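*Asks:* Below is input.cif; it holds mmCIF, C-alpha atoms.
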data_run
#
loop_
_atom_site.group_PDB
_atom_site.id
_atom_site.type_symbol
_atom_site.label_atom_id
_atom_site.label_comp_id
_atom_site.auth_asym_id
_atom_site.auth_seq_id
_atom_site.Cartn_x
_atom_site.Cartn_y
_atom_site.Cartn_z
ATOM 1 C CA MET A 1 25.095 37.446 10.089
ATOM 2 C CA LEU A 2 24.044 34.067 8.842
ATOM 3 C CA THR A 3 25.729 31.110 10.338
ATOM 4 C CA TYR A 4 26.084 27.828 8.540
ATOM 5 C CA LYS A 5 23.455 26.329 10.827
ATOM 6 C CA ASN A 6 20.791 28.723 9.647
ATOM 7 C CA ILE A 7 21.154 27.919 5.985
ATOM 8 C CA THR A 8 18.666 25.330 4.903
ATOM 9 C CA PRO A 9 19.494 23.016 1.989
ATOM 10 C CA GLY A 10 17.712 25.546 -0.210
ATOM 11 C CA GLY A 11 20.137 28.228 0.875
ATOM 12 C CA VAL A 12 19.323 31.884 1.379
ATOM 13 C CA VAL A 13 18.216 32.401 -2.196
ATOM 14 C CA VAL A 14 15.121 30.224 -2.375
ATOM 15 C CA SER A 15 14.512 30.317 1.394
ATOM 16 C CA ASN A 16 13.284 26.964 2.582
ATOM 17 C CA ASN A 17 11.072 26.107 -0.384
ATOM 18 C CA ILE A 18 13.247 23.195 -1.422
ATOM 19 C CA ASN A 19 13.281 21.918 2.123
ATOM 20 C CA LEU A 20 9.504 22.172 2.358
ATOM 21 C CA ILE A 21 8.878 20.494 -0.974
ATOM 22 C CA SER A 22 11.259 17.659 -0.220
ATOM 23 C CA GLN A 23 9.393 17.013 3.030
ATOM 24 C CA GLY A 24 6.198 16.957 1.004
ATOM 25 C CA LEU A 25 7.778 14.415 -1.371
ATOM 26 C CA ASP A 26 8.793 12.238 1.569
ATOM 27 C CA GLY A 27 5.289 12.431 2.984
ATOM 28 C CA ALA A 28 3.681 11.536 -0.336
ATOM 29 C CA LEU A 29 6.015 8.566 -0.708
ATOM 30 C CA ASN A 30 5.195 7.392 2.792
ATOM 31 C CA ARG A 31 1.497 7.714 2.099
ATOM 32 C CA HIS A 32 1.857 5.836 -1.181
ATOM 33 C CA LYS A 33 3.420 2.959 0.703
ATOM 34 C CA MET A 34 0.481 2.804 3.090
ATOM 35 C CA LEU A 35 -2.052 2.958 0.264
ATOM 36 C CA SER A 36 -0.207 0.137 -1.555
ATOM 37 C CA ASN A 37 -0.439 -1.907 1.604
ATOM 38 C CA ASN A 38 -4.181 -1.270 1.800
ATOM 39 C CA ILE A 39 -4.667 -2.427 -1.777
ATOM 40 C CA ALA A 40 -2.451 -5.487 -1.327
ATOM 41 C CA ASN A 41 -4.631 -6.451 1.641
ATOM 42 C CA VAL A 42 -7.964 -5.869 -0.064
ATOM 43 C CA ASP A 43 -8.942 -9.509 0.511
ATOM 44 C CA THR A 44 -7.304 -10.078 3.890
ATOM 45 C CA PRO A 45 -9.867 -10.825 6.616
ATOM 46 C CA ASN A 46 -9.825 -8.473 9.635
ATOM 47 C CA TYR A 47 -7.467 -6.031 7.904
ATOM 48 C CA LYS A 48 -8.090 -2.358 8.704
ATOM 49 C CA ARG A 49 -6.967 0.361 6.328
ATOM 50 C CA LYS A 50 -4.097 2.656 7.271
ATOM 51 C CA ASP A 51 -3.571 6.204 6.183
ATOM 52 C CA VAL A 52 -1.553 9.257 7.095
ATOM 53 C CA ASP A 53 -2.610 12.900 7.044
ATOM 54 C CA PHE A 54 0.778 14.419 6.356
ATOM 55 C CA ILE A 55 -0.511 17.509 4.560
ATOM 56 C CA THR A 56 -2.115 18.812 7.744
ATOM 57 C CA ALA A 57 1.058 17.980 9.656
ATOM 58 C CA LEU A 58 3.128 19.895 7.104
ATOM 59 C CA ARG A 59 0.744 22.830 7.179
ATOM 60 C CA ASN A 60 0.931 22.985 10.960
ATOM 61 C CA GLN A 61 4.676 22.993 10.781
ATOM 62 C CA PHE A 62 5.132 25.525 7.993
ATOM 63 C CA GLY A 63 1.934 27.511 8.281
ATOM 64 C CA GLN A 64 3.378 30.061 10.669
ATOM 65 C CA LYS A 65 4.712 33.369 9.360
ATOM 66 C CA SER A 66 8.128 32.846 10.823
ATOM 67 C CA SER A 67 9.902 29.564 10.664
ATOM 68 C CA LEU A 68 13.004 30.741 12.474
ATOM 69 C CA SER A 69 13.441 30.260 16.172
ATOM 70 C CA LEU A 70 14.518 33.216 18.241
ATOM 71 C CA ALA A 71 16.981 33.294 21.082
ATOM 72 C CA THR A 72 15.527 34.880 24.197
ATOM 73 C CA THR A 73 17.316 36.548 27.091
ATOM 74 C CA ASP A 74 14.240 37.430 29.118
ATOM 75 C CA ASN A 75 11.122 35.506 30.051
ATOM 76 C CA ASN A 76 8.926 38.215 28.539
ATOM 77 C CA HIS A 77 10.506 37.883 25.116
ATOM 78 C CA ILE A 78 8.379 36.335 22.449
ATOM 79 C CA VAL A 79 9.746 32.978 21.386
ATOM 80 C CA GLY A 80 9.963 31.921 17.756
ATOM 81 C CA SER A 81 6.955 30.071 16.535
ATOM 82 C CA LYS A 82 8.691 27.124 14.981
ATOM 83 C CA LYS A 83 7.526 23.889 16.438
ATOM 84 C CA ALA A 84 9.579 20.801 16.871
ATOM 85 C CA ASN A 85 9.491 18.311 14.021
ATOM 86 C CA LYS A 86 6.327 16.347 14.471
ATOM 87 C CA SER A 87 6.353 12.881 13.065
ATOM 88 C CA PHE A 88 3.487 11.961 10.801
ATOM 89 C CA GLU A 89 0.488 10.612 12.560
ATOM 90 C CA SER A 90 -1.030 7.527 11.094
ATOM 91 C CA PRO A 91 -4.630 7.187 12.118
ATOM 92 C CA PHE A 92 -5.703 3.578 12.141
ATOM 93 C CA LEU A 93 -9.402 3.351 11.503
ATOM 94 C CA LYS A 94 -10.136 0.407 13.707
ATOM 95 C CA ASN A 95 -13.840 0.567 14.290
ATOM 96 C CA THR A 96 -15.425 0.384 10.882
ATOM 97 C CA SER A 97 -16.113 -2.654 8.759
ATOM 98 C CA TYR A 98 -16.722 -2.565 5.060
ATOM 99 C CA ARG A 99 -17.588 -6.209 4.530
ATOM 100 C CA ASN A 100 -18.545 -9.348 6.387
ATOM 101 C CA ASP A 101 -14.900 -10.410 6.732
ATOM 102 C CA LYS A 102 -14.269 -7.291 8.909
ATOM 103 C CA ASN A 103 -12.050 -5.759 6.251
ATOM 104 C CA ASN A 104 -12.641 -2.045 5.731
ATOM 105 C CA VAL A 105 -10.714 -1.417 2.500
ATOM 106 C CA ASP A 106 -12.883 0.193 -0.167
ATOM 107 C CA ILE A 107 -10.943 -0.466 -3.350
ATOM 108 C CA ASP A 108 -12.501 2.477 -5.242
ATOM 109 C CA VAL A 109 -11.551 4.942 -2.527
ATOM 110 C CA GLU A 110 -8.033 3.507 -2.359
ATOM 111 C CA MET A 111 -7.507 3.707 -6.121
ATOM 112 C CA GLY A 112 -8.721 7.303 -6.102
ATOM 113 C CA GLU A 113 -6.325 8.130 -3.295
ATOM 114 C CA VAL A 114 -3.427 6.445 -5.110
ATOM 115 C CA ALA A 115 -4.141 8.488 -8.236
ATOM 116 C CA LYS A 116 -4.432 11.723 -6.249
ATOM 117 C CA ASN A 117 -1.290 11.010 -4.259
ATOM 118 C CA GLY A 118 0.669 10.159 -7.430
ATOM 119 C CA ILE A 119 -0.352 13.409 -9.121
ATOM 120 C CA TYR A 120 0.485 15.309 -5.946
ATOM 121 C CA TYR A 121 3.939 13.703 -5.905
ATOM 122 C CA ASN A 122 4.515 14.567 -9.578
ATOM 123 C CA THR A 123 3.420 18.148 -8.982
ATOM 124 C CA LEU A 124 5.817 18.509 -6.070
ATOM 125 C CA SER A 125 8.657 16.990 -8.059
ATOM 126 C CA ARG A 126 8.037 19.518 -10.840
ATOM 127 C CA GLN A 127 7.944 22.323 -8.281
ATOM 128 C CA ILE A 128 11.227 21.312 -6.717
ATOM 129 C CA ASN A 129 12.712 21.173 -10.196
ATOM 130 C CA THR A 130 11.617 24.758 -10.794
ATOM 131 C CA GLN A 131 13.243 25.769 -7.529
ATOM 132 C CA PHE A 132 16.509 24.233 -8.697
ATOM 133 C CA ILE A 133 16.222 26.047 -12.046
ATOM 134 C CA ILE A 134 15.785 29.341 -10.189
ATOM 135 C CA LEU A 135 18.821 28.560 -8.072
ATOM 136 C CA LYS A 136 20.822 27.709 -11.189
ATOM 137 C CA ASP A 137 19.788 30.977 -12.860
ATOM 138 C CA VAL A 138 20.976 32.888 -9.840
ATOM 139 C CA ILE A 139 24.312 31.106 -9.886
ATOM 140 C CA ASN A 140 24.820 31.485 -13.640
ATOM 141 C CA LYS A 141 23.555 35.018 -14.183
ATOM 142 C CA GLY A 142 24.144 36.676 -10.864
ATOM 143 C CA GLY A 143 27.646 37.935 -11.608
ATOM 144 C CA ARG A 144 26.808 39.593 -14.929
ATOM 145 C CA GLN A 145 26.476 43.337 -15.325
ATOM 146 C CA MET B 146 11.444 4.144 -2.075
ATOM 147 C CA PHE B 147 11.104 0.549 -3.214
ATOM 148 C CA GLY B 148 8.975 -0.573 -0.290
ATOM 149 C CA SER B 149 5.759 0.064 -2.167
ATOM 150 C CA PHE B 150 7.027 -2.009 -5.106
ATOM 151 C CA ASP B 151 7.440 -5.006 -2.817
ATOM 152 C CA ILE B 152 4.031 -4.428 -1.240
ATOM 153 C CA SER B 153 2.264 -4.327 -4.598
ATOM 154 C CA SER B 154 4.098 -7.383 -5.863
ATOM 155 C CA SER B 155 3.177 -9.310 -2.714
ATOM 156 C CA GLY B 156 -0.443 -8.422 -3.484
ATOM 157 C CA MET B 157 -0.021 -9.633 -7.060
ATOM 158 C CA THR B 158 1.565 -12.887 -5.893
ATOM 159 C CA ALA B 159 -1.307 -13.499 -3.461
ATOM 160 C CA GLN B 160 -3.970 -12.859 -6.094
ATOM 161 C CA ARG B 161 -2.141 -15.107 -8.571
ATOM 162 C CA ILE B 162 -2.070 -17.942 -6.015
ATOM 163 C CA ARG B 163 -5.784 -17.370 -5.475
ATOM 164 C CA MET B 164 -6.321 -17.569 -9.226
ATOM 165 C CA ASP B 165 -4.323 -20.839 -9.398
ATOM 166 C CA ILE B 166 -6.512 -22.310 -6.677
ATOM 167 C CA ILE B 167 -9.693 -21.214 -8.434
ATOM 168 C CA ALA B 168 -8.405 -22.860 -11.621
ATOM 169 C CA ASP B 169 -7.712 -26.040 -9.656
ATOM 170 C CA ASN B 170 -11.229 -25.980 -8.179
ATOM 171 C CA ILE B 171 -12.865 -25.487 -11.558
ATOM 172 C CA ALA B 172 -10.705 -28.160 -13.205
ATOM 173 C CA ASN B 173 -11.733 -30.633 -10.493
ATOM 174 C CA VAL B 174 -15.422 -29.828 -10.455
ATOM 175 C CA ASN B 175 -16.287 -33.464 -11.292
ATOM 176 C CA THR B 176 -13.350 -35.277 -9.653
ATOM 177 C CA THR B 177 -14.421 -38.118 -7.376
ATOM 178 C CA ARG B 178 -11.004 -39.678 -6.864
ATOM 179 C CA THR B 179 -8.046 -37.881 -5.279
ATOM 180 C CA GLU B 180 -4.653 -38.969 -3.978
ATOM 181 C CA ASN B 181 -6.056 -39.203 -0.464
ATOM 182 C CA GLY B 182 -8.947 -41.254 -1.789
ATOM 183 C CA GLY B 183 -12.445 -39.820 -1.752
ATOM 184 C CA THR B 184 -13.950 -36.868 -3.511
ATOM 185 C CA TYR B 185 -12.148 -33.615 -4.284
ATOM 186 C CA ARG B 186 -12.717 -30.860 -1.735
ATOM 187 C CA ARG B 187 -12.828 -27.200 -2.703
ATOM 188 C CA LYS B 188 -9.590 -25.417 -1.726
ATOM 189 C CA LEU B 189 -9.332 -21.933 -0.248
ATOM 190 C CA PRO B 190 -6.306 -19.644 0.230
ATOM 191 C CA VAL B 191 -5.951 -17.886 3.597
ATOM 192 C CA PHE B 192 -4.614 -14.340 3.342
ATOM 193 C CA GLN B 193 -2.791 -12.595 6.130
ATOM 194 C CA GLU B 194 -1.060 -9.252 6.472
ATOM 195 C CA LYS B 195 2.686 -9.730 6.091
ATOM 196 C CA GLU B 196 4.861 -8.507 8.919
ATOM 197 C CA THR B 197 8.329 -7.052 8.353
ATOM 198 C CA THR B 198 11.366 -9.280 8.422
ATOM 199 C CA PRO B 199 13.095 -9.583 11.825
ATOM 200 C CA PHE B 200 16.188 -7.915 10.359
ATOM 201 C CA LYS B 201 14.260 -4.888 9.133
ATOM 202 C CA GLU B 202 12.417 -4.640 12.418
ATOM 203 C CA LEU B 203 15.679 -4.604 14.360
ATOM 204 C CA LEU B 204 17.230 -2.098 11.968
ATOM 205 C CA ASN B 205 14.245 0.221 12.247
ATOM 206 C CA ALA B 206 14.277 -0.087 16.026
ATOM 207 C CA LYS B 207 17.982 0.863 16.096
ATOM 208 C CA LEU B 208 17.298 3.810 13.797
ATOM 209 C CA GLY B 209 14.432 4.891 16.013
ATOM 210 C CA LYS B 210 11.827 4.268 13.345
ATOM 211 C CA SER B 211 8.653 2.317 13.742
ATOM 212 C CA SER B 212 8.237 -0.598 11.393
ATOM 213 C CA SER B 213 4.903 -1.275 9.828
ATOM 214 C CA ASN B 214 3.547 -4.363 8.155
ATOM 215 C CA GLU B 215 4.286 -4.736 4.482
ATOM 216 C CA GLY B 216 1.984 -6.397 2.033
ATOM 217 C CA VAL B 217 0.068 -9.629 2.158
ATOM 218 C CA LYS B 218 0.941 -13.306 2.223
ATOM 219 C CA VAL B 219 -0.862 -16.585 1.760
ATOM 220 C CA THR B 220 -0.415 -18.416 5.068
ATOM 221 C CA SER B 221 -2.112 -21.660 4.136
ATOM 222 C CA ILE B 222 -4.389 -23.370 1.674
ATOM 223 C CA THR B 223 -7.318 -24.940 3.481
ATOM 224 C CA GLU B 224 -10.107 -27.230 2.364
ATOM 225 C CA ASP B 225 -13.739 -26.224 2.463
ATOM 226 C CA PRO B 226 -15.405 -28.473 5.091
ATOM 227 C CA SER B 227 -18.917 -28.066 3.668
ATOM 228 C CA PRO B 228 -20.716 -31.335 2.696
ATOM 229 C CA PHE B 229 -20.379 -32.929 -0.734
ATOM 230 C CA LYS B 230 -23.202 -32.730 -3.222
ATOM 231 C CA MET B 231 -24.956 -36.128 -3.417
ATOM 232 C CA ILE B 232 -26.000 -36.906 -6.958
ATOM 233 C CA TYR B 233 -28.080 -39.974 -7.878
ATOM 234 C CA ASN B 234 -26.088 -41.837 -10.499
ATOM 235 C CA PRO B 235 -26.120 -45.621 -9.905
ATOM 236 C CA GLY B 236 -23.988 -46.315 -12.989
ATOM 237 C CA HIS B 237 -21.041 -44.371 -11.596
ATOM 238 C CA PRO B 238 -18.154 -46.560 -10.338
ATOM 239 C CA ASP B 239 -17.929 -44.459 -7.123
ATOM 240 C CA ALA B 240 -21.650 -44.651 -6.317
ATOM 241 C CA ASN B 241 -22.616 -45.935 -2.853
ATOM 242 C CA GLU B 242 -25.124 -48.748 -2.144
ATOM 243 C CA GLU B 243 -28.110 -46.425 -2.638
ATOM 244 C CA GLY B 244 -26.725 -45.251 -5.970
ATOM 245 C CA TYR B 245 -25.617 -41.799 -4.808
ATOM 246 C CA VAL B 246 -22.247 -40.323 -5.795
ATOM 247 C CA ALA B 247 -20.498 -37.717 -3.599
ATOM 248 C CA MET B 248 -19.578 -34.925 -5.983
ATOM 249 C CA PRO B 249 -17.089 -32.151 -5.066
ATOM 250 C CA ASN B 250 -18.416 -29.191 -3.053
ATOM 251 C CA VAL B 251 -17.260 -26.820 -5.805
ATOM 252 C CA ASP B 252 -19.819 -24.271 -6.956
ATOM 253 C CA ILE B 253 -18.886 -23.087 -10.449
ATOM 254 C CA THR B 254 -20.804 -19.819 -10.069
ATOM 255 C CA SER B 255 -19.051 -18.752 -6.890
ATOM 256 C CA GLU B 256 -15.692 -19.805 -8.360
ATOM 257 C CA MET B 257 -16.378 -17.548 -11.341
ATOM 258 C CA VAL B 258 -17.254 -14.644 -9.057
ATOM 259 C CA ASP B 259 -14.080 -15.244 -7.050
ATOM 260 C CA MET B 260 -12.127 -15.340 -10.288
ATOM 261 C CA ILE B 261 -13.401 -11.893 -11.324
ATOM 262 C CA SER B 262 -12.639 -10.566 -7.847
ATOM 263 C CA ALA B 263 -9.086 -11.974 -7.978
ATOM 264 C CA SER B 264 -8.544 -10.563 -11.441
ATOM 265 C CA ARG B 265 -9.743 -7.082 -10.423
ATOM 266 C CA ALA B 266 -7.648 -7.103 -7.257
ATOM 267 C CA TYR B 267 -4.626 -8.111 -9.355
ATOM 268 C CA GLU B 268 -5.290 -5.207 -11.725
ATOM 269 C CA ALA B 269 -5.569 -2.808 -8.790
ATOM 270 C CA ASN B 270 -2.140 -3.920 -7.591
ATOM 271 C CA VAL B 271 -0.705 -3.486 -11.090
ATOM 272 C CA THR B 272 -2.090 0.060 -11.228
ATOM 273 C CA VAL B 273 -0.482 0.901 -7.910
ATOM 274 C CA LEU B 274 2.809 -0.596 -9.075
ATOM 275 C CA ASN B 275 2.667 1.584 -12.192
ATOM 276 C CA THR B 276 2.017 4.660 -10.074
ATOM 277 C CA SER B 277 5.012 3.751 -7.880
ATOM 278 C CA LYS B 278 7.131 3.395 -10.988
ATOM 279 C CA ASN B 279 6.033 6.764 -12.363
ATOM 280 C CA MET B 280 6.766 8.396 -9.022
ATOM 281 C CA ALA B 281 10.248 6.874 -8.975
ATOM 282 C CA LEU B 282 10.874 8.065 -12.533
ATOM 283 C CA LYS B 283 9.680 11.574 -11.664
ATOM 284 C CA ALA B 284 12.049 11.611 -8.707
ATOM 285 C CA LEU B 285 14.893 10.770 -11.100
ATOM 286 C CA GLU B 286 14.036 13.867 -13.142
ATOM 287 C CA ILE B 287 14.595 16.213 -10.205
ATOM 288 C CA GLY B 288 17.533 18.460 -10.896
ATOM 289 C CA ARG B 289 17.888 17.548 -14.554
ATOM 290 C CA GLY B 290 15.969 20.468 -16.016
#
Render the structure in this file as structure tokens.
*Replies:*
Amino acid sequence: MLTYKNITPGGVVVSNNINLISQGLDGALNRHKMLSNNIANVDTPNYKRKDVDFITALRNQFGQKSSLSLATTDNNHIVGSKKANKSFESPFLKNTSYRNDKNNVDIDVEMGEVAKNGIYYNTLSRQINTQFIILKDVINKGGRQ
Amino acid sequence: MFGSFDISSSGMTAQRIRMDIIADNIANVNTTRTENGGTYRRKLPVFQEKETTPFKELLNAKLGKSSSNEGVKVTSITEDPSPFKMIYNPGHPDANEEGYVAMPNVDITSEMVDMISASRAYEANVTVLNTSKNMALKALEIGRG
């Protein structure tokens, strides 16, 4: 019996795909903000670039076979493998220097990352759209004989 | 969502100020009389990473979020302390007793190089702003199909 608590925003039908993709969208947006900041500070002395590796974080969170937590009544029971929500880590690369002014922003790398991240975001947004279309099909056509 | 827009536009503002200063330096490459008296000194913008507003910082702290720095700002416009170029020109009204005139410490070549750098950095910020815009538009398309 499913309780309300167990139903993710995606519902039973599309499992937690919508939930996963929307987390990916959030991560990509967050990363885009950091990359914009790097590019805005391309000429700021002593500035060190900031980045976030959210894809690995997402993979760690959703990579397991089961994403549901299990209730246990005995210590020997196997617990569900879902881990607690881990916030995105933002590694600050503090040691390196790219130029004499101790700034380590490489504009070419940053632009490449912005382009990649933008395409990634657009791909995810298309994917989530497809998920909604599937959901709509189920709602519209499910009752027909 | 709109944080990255503000970051990119702060970068554009900073590069535009830099461009204005370069234009001022080039326009005054031969100026020997300024408001303060004396020869024109080359001006330089000082860039610094922009911290969040106190309000935003407090809000984020209350919401349990960490606030990061956002964008870049020009903290001050300083004068280049390097010595003036002494040119022998006894006919000049500002020449000293030996016939030397103190000419501004503006080097046209380095100003030109700075100008290209400012222009490219501005373009980089525009590209990021366009990517942000496309991402926002893609997000608007979610659920329409």
*Asks:* For a test of reading the model, state the distance in Å between CA of Ser155 in chain B and CA of Glu110 in chain A, rounded to one decimal.
*Replies:*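 Computed distance, CA of Ser155 in chain B to CA of Glu110 in chain A, equals 17.0 Å.
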*Asks:* Determine which residues of chain B sit within 9 Å of chain A, taking into account only C-alpha atoms, and present them as an MDAnalysis selection string.
*Replies:* chainID B and resid 146:150 152:157 159:160 191:194 214:218 263 266:267 269:270 272:274 276:277 279:280 283:284 286:290
*Asks:* To one decimal in Å, tell me the separation between CA of Arg163 in chain B and CA of Arg49 in chain A.
*Replies:*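 A separation of 21.3 Å between them.
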*Asks:* Would you pick out the contacts of Ser213 in chain B at 8 Å or less, using only C-alpha atoms, so that residues sharing its chain but fewer than 2 positions from it are not included, and give the list as a ChimeraX atom specification?
*Replies:* /B:196-197,211,215
*Asks:* Decode the PyMOL selection byres ((chain B and resi 244-261) around 6) for the given file into explicit residues and return them as a ChimeraX atom specification.
*Replies:* /B:174,184-187,229-235,240-243,262-264
*Asks:* Near Pro190 in chain B, counting all atoms listed in the file, which residues have an atom at most 8 Å away, once you skip same-chain residues fewer than 3 positions from it, shown as a VMD selection string?
*Replies:* chain B and resid 162 to 163 166 219 to 223
*Asks:* Please indicate the distance in Å from CA of Ile55 in chain A to CA of Asn16 in chain A, rounded to one decimal place.
*Replies:*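 Spanning CA of Ile55 in chain A to CA of Asn16 in chain A is a straight-line distance of 16.8 Å.
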